[in-house]
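Below is one structure, written out as structure tokens; the observations come after it.
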Amino acid sequence: MIDKRTRTVRKTADKSIIDADVCVVGAGAAGLMAALTSARLGRRTVLLDAMPTLGGQLVGTLLGTICGLYSNGPEPVRVTFGAVDEMLGYLDRASALHARRALDTIVLQYDEMLCGRWAETALVEAKVDILLGAIIREVRLDDRRITSLEVATRWGDVSIRCGGVVDASGDATVAWHAGLEVREPVTPQWGTQMVTLEGFDPSAVAEFDGFGIADLLKKRRAEYGLAREDGFIFAFPGRDVATVNMTHMPNPTDPSGATRATLDGRDQADRVLALLRAEVPSMRSARIRAYGMPGIRQTRWFVSAHQLTIEEVRSGARPDDAVARCSWPVEAHDRAEGVSWEMFGAPEHMHYVPLRSMVHRDADNLVAAGRCIDGDTAALASVRVMGPCFAMGQAAAHALDLSPRRSLHNVDLSLLASRLRPNLDHAHRDSWTLGV
Ligand SMILES: Cc1cc2nc3c(=O)[nH]c(=O)nc-3n(C[C@H](O)[C@H](O)[C@H](O)COP(=O)(O)OP(=O)(O)OC[C@H]3O[C@@H](n4cnc5c(N)ncnc54)[C@H](O)[C@@H]3O)c2cc1C
């Protein structure tokens, strides 16, 4: 029997209130690790994201490769651990991980959908309170402390009262809404519309796989109306899909401009496909299987107690408050036509992210993790890749755990370093990298 009765309701003035020890804003590589770590430390943790899905750019932008997890040289070792071990193990068991050599290190190709699924189950298991489709509207700052965040969701407004905040929004959105100073690049840093291709001839991937495809772009890009003259295609062995990173689009921060840039990025991706279909025989029947969310590199970021500089990155000096490390080259997307690379030749090169670059100068309980920490544009062009983002997320959670009701500017650094020891000192050769 179908129940045919209905009832009428009206909007009430009530607003949901969530009380938490830690609020993590942004569920990308950095925010996921921050929320997981914080909840596992026993802190009541809320994680919110404007998107209806978890994973930020790690999942939604279809990046295809995790960079910055391994050292350089002939036998790269992994340098970031923690919940990353679980994520990689899960992907490996699902045959959704593939190690490949690139730029004198190892990068990991991964299946984005399965990676997102891992994140969902891990966060639920850790009892993180998750709010998706939740956009920050207002942030309250009292006497150098963030005390509450007002959030709009499809189903109504939510007020979050918390002891500390991790800004893992990539765009310093918490600092921005709190009225704190943030930085912007003087020279725009270009974003990329990523796409996943299918329908190519999988027996002939050698024809297009890797960075060599840039030769074709260089010669023909004007004819096809393409901004960029470099880039790469990475075929995913056994999965008959390929990740394409060959476009550039601006990342403006005004709402209409951002939307226009997104649509222009998709147009650039269609032009790349037209070029590939016409010029590469094994791509004749290729199709775009999926367009990623707009790929955003740098928009706004923190003014922290310390700005990480390119000189510090080049020197590889380890500061007392180091919390994350990597050896990824400087990958500057600061011109429409392409990328400028600065490689670190020595296999033992490693550079570090200090906690001071993550803690906002003018607040005591606000820490950034991921691509919106404070650095000059060249330093950020290295440390924003996902390996160090994972490590920064963990570090942000530990720093807040060690400073409840106190200032992040006075964290006990020796205690913090002992908790983060694996991400600062351990090295491991993963089974999936052997023979690569
Ligand atoms: C095109 C492109 C290709 C790249 N390729 C690689 C690669 O191959 N390998 C690699 O390791 N790195 C790559 N990078 C770099 C790397 O992807 C990013 O720097 C990294 O993923 C950043 O992670 P994050 O957690 O800091 O931020 P993000 O992944 O950007 O996550 C930020 C989250 O915050 C949310 N958010 C933002 N504003 C609000 C708001 N107001 N309210 C609520 N939520 C909000 C967003 O929805 C988002 O989910 C690439 C970057 C780009 C743009």
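By order of appearance in the structure tokens: chains A, B, ..., then residues from 1 within every chain, and ligands from 1 in the order shown.
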
Subject >> Selection as a ChimeraX atom specification: residues within 7 Å of ligand 1 by only C-alpha atoms and all ligand atoms >> reply: /A:25-31,48-51,54-58,61,63-68,134-136,168-171,173,191-194,245,295-297,369-372,384-387,389

Can you list, as a PDB file with C-alpha atoms, in the first residue's frame, every protein, DNA or RNA residue that comes within 12 Å of Pro354 (chain A) when you count only C-alpha atoms, leaving out same-chain residues fewer than 5 positions away?
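Output contents, as saved in part10.pdb:
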ATOM      1  CA  SER A 304      52.835  33.395   7.603  1.00  0.00           C
ATOM      2  CA  ALA A 305      55.442  33.884  10.269  1.00  0.00           C
ATOM      3  CA  HIS A 306      58.014  32.947   7.613  1.00  0.00           C
ATOM      4  CA  GLN A 307      57.916  32.932   3.817  1.00  0.00           C
ATOM      5  CA  LEU A 308      59.685  29.895   2.353  1.00  0.00           C
ATOM      6  CA  THR A 309      62.123  31.093  -0.305  1.00  0.00           C
ATOM      7  CA  GLU A 312      66.035  27.776   1.056  1.00  0.00           C
ATOM      8  CA  VAL A 313      64.661  25.211  -1.369  1.00  0.00           C
ATOM      9  CA  GLY A 316      68.196  22.024   1.133  1.00  0.00           C
ATOM     10  CA  ALA A 317      68.960  23.332   4.640  1.00  0.00           C
ATOM     11  CA  ARG A 318      66.800  21.674   7.288  1.00  0.00           C
ATOM     12  CA  PRO A 319      65.271  24.175   9.725  1.00  0.00           C
ATOM     13  CA  ASP A 320      64.491  23.346  13.383  1.00  0.00           C
ATOM     14  CA  ASP A 321      60.787  23.407  12.664  1.00  0.00           C
ATOM     15  CA  ALA A 322      60.885  21.240   9.494  1.00  0.00           C
ATOM     16  CA  VAL A 323      57.627  19.282   9.082  1.00  0.00           C
ATOM     17  CA  ALA A 324      57.640  18.019   5.488  1.00  0.00           C
ATOM     18  CA  ARG A 325      60.181  17.388   2.730  1.00  0.00           C
ATOM     19  CA  VAL A 359      51.081  29.290  10.635  1.00  0.00           C
ATOM     20  CA  VAL A 367      47.500  26.749  10.174  1.00  0.00           C
ATOM     21  CA  ALA A 368      47.646  26.240   6.396  1.00  0.00           C
ATOM     22  CA  ALA A 369      48.423  22.898   4.781  1.00  0.00           C
ATOM     23  CA  ILE A 373      51.220  27.859   2.751  1.00  0.00           C
ATOM     24  CA  ASP A 374      53.524  30.863   2.555  1.00  0.00           C
ATOM     25  CA  GLY A 375      56.321  30.769   0.005  1.00  0.00           C
ATOM     26  CA  VAL A 383      56.387  22.084  -2.495  1.00  0.00           C
ATOM     27  CA  PRO A 388      54.565  17.240   0.649  1.00  0.00           C
ATOM     28  CA  ALA A 391      52.959  15.488   4.953  1.00  0.00           C
ATOM     29  CA  MET A 392      51.833  19.065   5.657  1.00  0.00           C
ATOM     30  CA  ALA A 395      51.937  18.171  10.469  1.00  0.00           C
ATOM     31  CA  ALA A 396      49.084  20.690  10.758  1.00  0.00           C
ATOM     32  CA  ALA A 399      50.732  21.074  15.624  1.00  0.00           C
ATOM     33  CA  HIS A 409      53.589  30.093  17.263  1.00  0.00           C
ATOM     34  CA  LEU A 413      59.235  21.764  18.295  1.00  0.00           C
ATOM     35  CA  LEU A 416      56.483  17.890  17.078  1.00  0.00           C
ATOM     36  CA  ALA A 417      59.635  16.602  15.369  1.00  0.00           C
ATOM     37  CA  LEU A 424      61.578  13.778   8.181  1.00  0.00           C
TER      38      LEU A 424
END

**OP:** Just list the residues in region 178-422 of chain A DSSP gives alpha helix (DSSP H) on the backbone, as a ChimeraX atom specification.
**Re:** /A:214-224,255-279,310-315,377-383,386-401,413-419,421-422

Which residues of region 139-232 of chain A sit at most 12 Å from region 274-278 of chain A, using only C-alpha atoms? Give each one's shortest atom pair and distance in Å (one decimal place), in chain and ascending residue order, as a Markdown table.
| residue | atom | partner | partner_atom | distance |
| --- | --- | --- | --- | --- |
| A:Leu197 | CA | A:Leu276 | CA | 10.7 |
| A:Glu198 | CA | A:Arg277 | CA | 11.8 |
| A:Gly199 | CA | A:Arg277 | CA | 10.6 |
| A:Phe200 | CA | A:Arg277 | CA | 9.1 |
| A:Asp201 | CA | A:Arg277 | CA | 11.4 |
| A:Glu207 | CA | A:Leu276 | CA | 11.0 |
| A:Phe208 | CA | A:Leu276 | CA | 9.0 |
| A:Ile213 | CA | A:Leu276 | CA | 9.4 |
| A:Ala214 | CA | A:Leu276 | CA | 11.3 |
| A:Leu216 | CA | A:Leu275 | CA | 8.9 |
| A:Leu217 | CA | A:Leu275 | CA | 8.3 |
| A:Lys218 | CA | A:Leu275 | CA | 11.6 |
| A:Lys219 | CA | A:Leu275 | CA | 11.0 |
| A:Arg220 | CA | A:Leu275 | CA | 8.0 |
| A:Arg221 | CA | A:Leu275 | CA | 8.2 |
| A:Ala222 | CA | A:Leu275 | CA | 10.8 |
| A:Glu223 | CA | A:Leu275 | CA | 9.1 |
| A:Tyr224 | CA | A:Leu275 | CA | 6.7 |
| A:Gly225 | CA | A:Leu275 | CA | 9.9 |
| A:Leu226 | CA | A:Leu275 | CA | 9.6 |

**OP:** Would you mind telling me which residue in A:Thr243, A:Ser203, A:Thr105, A:Thr53 lies nearest to Val77 (chain A) when using only C-alpha atoms?
**Re:** A:Thr105

Original post:
Mind checking DSSP for region 89-315 of chain A and telling me the strand (DSSP E) residues as a ChimeraX atom specification?
Top reply: /A:97-102,105-110,129-132,135-142,145-153,156-167,182-183,195-198,232-236,241-245,287-291,301-302

Just to be explicit: take each residue in the selection above, keep C-alpha atoms, and write the result as a PDB file, in the first residue's frame.
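Dumped everything to again.pdb:
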ATOM      1  CA  LEU A  97      48.855   2.040  -8.893  1.00  0.00           C
ATOM      2  CA  HIS A  98      51.681   2.202 -11.390  1.00  0.00           C
ATOM      3  CA  ALA A  99      55.182   3.532 -10.702  1.00  0.00           C
ATOM      4  CA  ARG A 100      57.002   5.258 -13.552  1.00  0.00           C
ATOM      5  CA  ARG A 101      60.317   7.051 -13.912  1.00  0.00           C
ATOM      6  CA  ALA A 102      60.095  10.752 -14.684  1.00  0.00           C
ATOM      7  CA  THR A 105      62.541  10.380  -9.687  1.00  0.00           C
ATOM      8  CA  ILE A 106      59.502   8.106  -9.490  1.00  0.00           C
ATOM      9  CA  VAL A 107      55.930   9.313  -9.847  1.00  0.00           C
ATOM     10  CA  LEU A 108      52.914   7.152  -9.102  1.00  0.00           C
ATOM     11  CA  GLN A 109      50.046   6.854 -11.539  1.00  0.00           C
ATOM     12  CA  TYR A 110      46.822   6.064  -9.691  1.00  0.00           C
ATOM     13  CA  ASP A 129      32.354  14.704  10.854  1.00  0.00           C
ATOM     14  CA  ILE A 130      32.165  15.462   7.096  1.00  0.00           C
ATOM     15  CA  LEU A 131      30.233  18.340   5.488  1.00  0.00           C
ATOM     16  CA  LEU A 132      30.226  18.336   1.683  1.00  0.00           C
ATOM     17  CA  ILE A 135      31.062  26.876   1.344  1.00  0.00           C
ATOM     18  CA  ILE A 136      32.593  29.285   3.831  1.00  0.00           C
ATOM     19  CA  ARG A 137      30.666  32.579   4.067  1.00  0.00           C
ATOM     20  CA  GLU A 138      32.100  34.143   7.177  1.00  0.00           C
ATOM     21  CA  VAL A 139      34.952  33.513   9.597  1.00  0.00           C
ATOM     22  CA  ARG A 140      35.064  35.056  13.050  1.00  0.00           C
ATOM     23  CA  LEU A 141      38.418  36.122  14.447  1.00  0.00           C
ATOM     24  CA  ASP A 142      38.554  37.259  18.108  1.00  0.00           C
ATOM     25  CA  ARG A 145      41.862  33.212  17.400  1.00  0.00           C
ATOM     26  CA  ILE A 146      39.384  31.862  14.874  1.00  0.00           C
ATOM     27  CA  THR A 147      36.331  31.073  16.979  1.00  0.00           C
ATOM     28  CA  SER A 148      33.673  30.141  14.425  1.00  0.00           C
ATOM     29  CA  LEU A 149      33.031  29.583  10.747  1.00  0.00           C
ATOM     30  CA  GLU A 150      29.702  30.176   9.050  1.00  0.00           C
ATOM     31  CA  VAL A 151      29.039  27.793   6.216  1.00  0.00           C
ATOM     32  CA  ALA A 152      26.280  27.598   3.573  1.00  0.00           C
ATOM     33  CA  THR A 153      25.107  24.220   2.314  1.00  0.00           C
ATOM     34  CA  GLY A 156      20.849  25.177   5.140  1.00  0.00           C
ATOM     35  CA  ASP A 157      23.437  27.129   7.048  1.00  0.00           C
ATOM     36  CA  VAL A 158      25.809  25.627   9.588  1.00  0.00           C
ATOM     37  CA  SER A 159      27.826  27.325  12.286  1.00  0.00           C
ATOM     38  CA  ILE A 160      31.060  25.591  13.302  1.00  0.00           C
ATOM     39  CA  ARG A 161      32.656  26.486  16.635  1.00  0.00           C
ATOM     40  CA  CYS A 162      36.129  25.126  16.995  1.00  0.00           C
ATOM     41  CA  GLY A 163      39.415  25.343  18.862  1.00  0.00           C
ATOM     42  CA  GLY A 164      41.714  25.365  15.834  1.00  0.00           C
ATOM     43  CA  VAL A 165      41.507  25.522  12.052  1.00  0.00           C
ATOM     44  CA  VAL A 166      43.481  23.943   9.210  1.00  0.00           C
ATOM     45  CA  ASP A 167      43.122  26.019   6.053  1.00  0.00           C
ATOM     46  CA  VAL A 182      46.939  36.960   2.101  1.00  0.00           C
ATOM     47  CA  ARG A 183      49.353  36.941  -0.839  1.00  0.00           C
ATOM     48  CA  VAL A 195      41.479  15.230 -19.336  1.00  0.00           C
ATOM     49  CA  THR A 196      41.456  11.445 -19.372  1.00  0.00           C
ATOM     50  CA  LEU A 197      41.534   9.905 -22.854  1.00  0.00           C
ATOM     51  CA  GLU A 198      40.262   6.527 -23.998  1.00  0.00           C
ATOM     52  CA  PHE A 232      52.787  15.283 -21.465  1.00  0.00           C
ATOM     53  CA  ILE A 233      50.563  12.265 -21.939  1.00  0.00           C
ATOM     54  CA  PHE A 234      50.893   9.348 -19.515  1.00  0.00           C
ATOM     55  CA  ALA A 235      49.226   6.106 -20.572  1.00  0.00           C
ATOM     56  CA  PHE A 236      48.111   3.966 -17.613  1.00  0.00           C
ATOM     57  CA  VAL A 241      43.284   5.301 -20.428  1.00  0.00           C
ATOM     58  CA  ALA A 242      45.785   8.144 -20.571  1.00  0.00           C
ATOM     59  CA  THR A 243      46.206  11.343 -18.575  1.00  0.00           C
ATOM     60  CA  VAL A 244      46.709  14.460 -20.695  1.00  0.00           C
ATOM     61  CA  ASN A 245      48.345  17.601 -19.283  1.00  0.00           C
ATOM     62  CA  ARG A 287      37.858  10.303 -27.116  1.00  0.00           C
ATOM     63  CA  ILE A 288      37.762  12.364 -23.947  1.00  0.00           C
ATOM     64  CA  ARG A 289      36.474  10.054 -21.268  1.00  0.00           C
ATOM     65  CA  ALA A 290      36.349  12.736 -18.567  1.00  0.00           C
ATOM     66  CA  TYR A 291      37.204  16.415 -18.058  1.00  0.00           C
ATOM     67  CA  TRP A 301      48.003  32.074   0.069  1.00  0.00           C
ATOM     68  CA  PHE A 302      49.017  32.832   3.648  1.00  0.00           C
TER      69      PHE A 302
END

**OP:** Name all residues at most 8 Å from Arg78 (chain A) (count only C-alpha atoms; drop same-chain ones fewer than 4 positions away) and give them as JSON, numbers by chain.
**Re:** {"A": [69, 70, 71, 427, 428, 429, 430]}

**OP:** Go through A:Ala258, A:Met1, A:Ala336, A:Val436 and flag the residue nearest Trp190 (chain A), using only C-alpha atoms for the distances.
**Re:**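 Of A:Ala258, A:Met1, A:Ala336, A:Val436, the one nearest Trp190 (chain A), counting only C-alpha atoms, is A:Ala336.
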
Original post:
Which of these residues is nearest to Val59 (chain A), using only C-alpha atoms: A:Lys4, A:Arg44, A:His360, A:Arg117?
Top reply: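 Residue with the minimum atom-to-atom distance to Val59 (chain A): A:Arg117.
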
**OP:** Find the spatial neighbours of Leu88 (chain A), counting only C-alpha atoms, within a cut-off of 10 Å - ignore same-chain residues fewer than 2 positions away - and output them as a list in words.
**Re:**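 In the requested form, the answer reads Phe81, Ala83, Val84, Asp85, Glu86, Tyr90, Leu91, Asp92, Arg93, Ala94, Ala96, Leu97, Leu108, Tyr110, Cys115, Trp118, Asp430 and Trp432 of chain A.
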
Subject >> Residue contacts of Leu263 (chain A) (12 Å, only C-alpha atoms) excluding same-chain residues fewer than 2 positions away, as a PyMOL selection string >> reply: chain A and resi 192-193+249-251+256-261+265-270+291-294

Original post:
Contacts of Pro185 (chain A) at 9 Å or less, counting only C-alpha atoms, minus same-chain residues fewer than 6 places along, as a list in words?
Top reply: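 Selected residues are Gln298, Thr299, Arg300, Asp376 and Thr377 of chain A.
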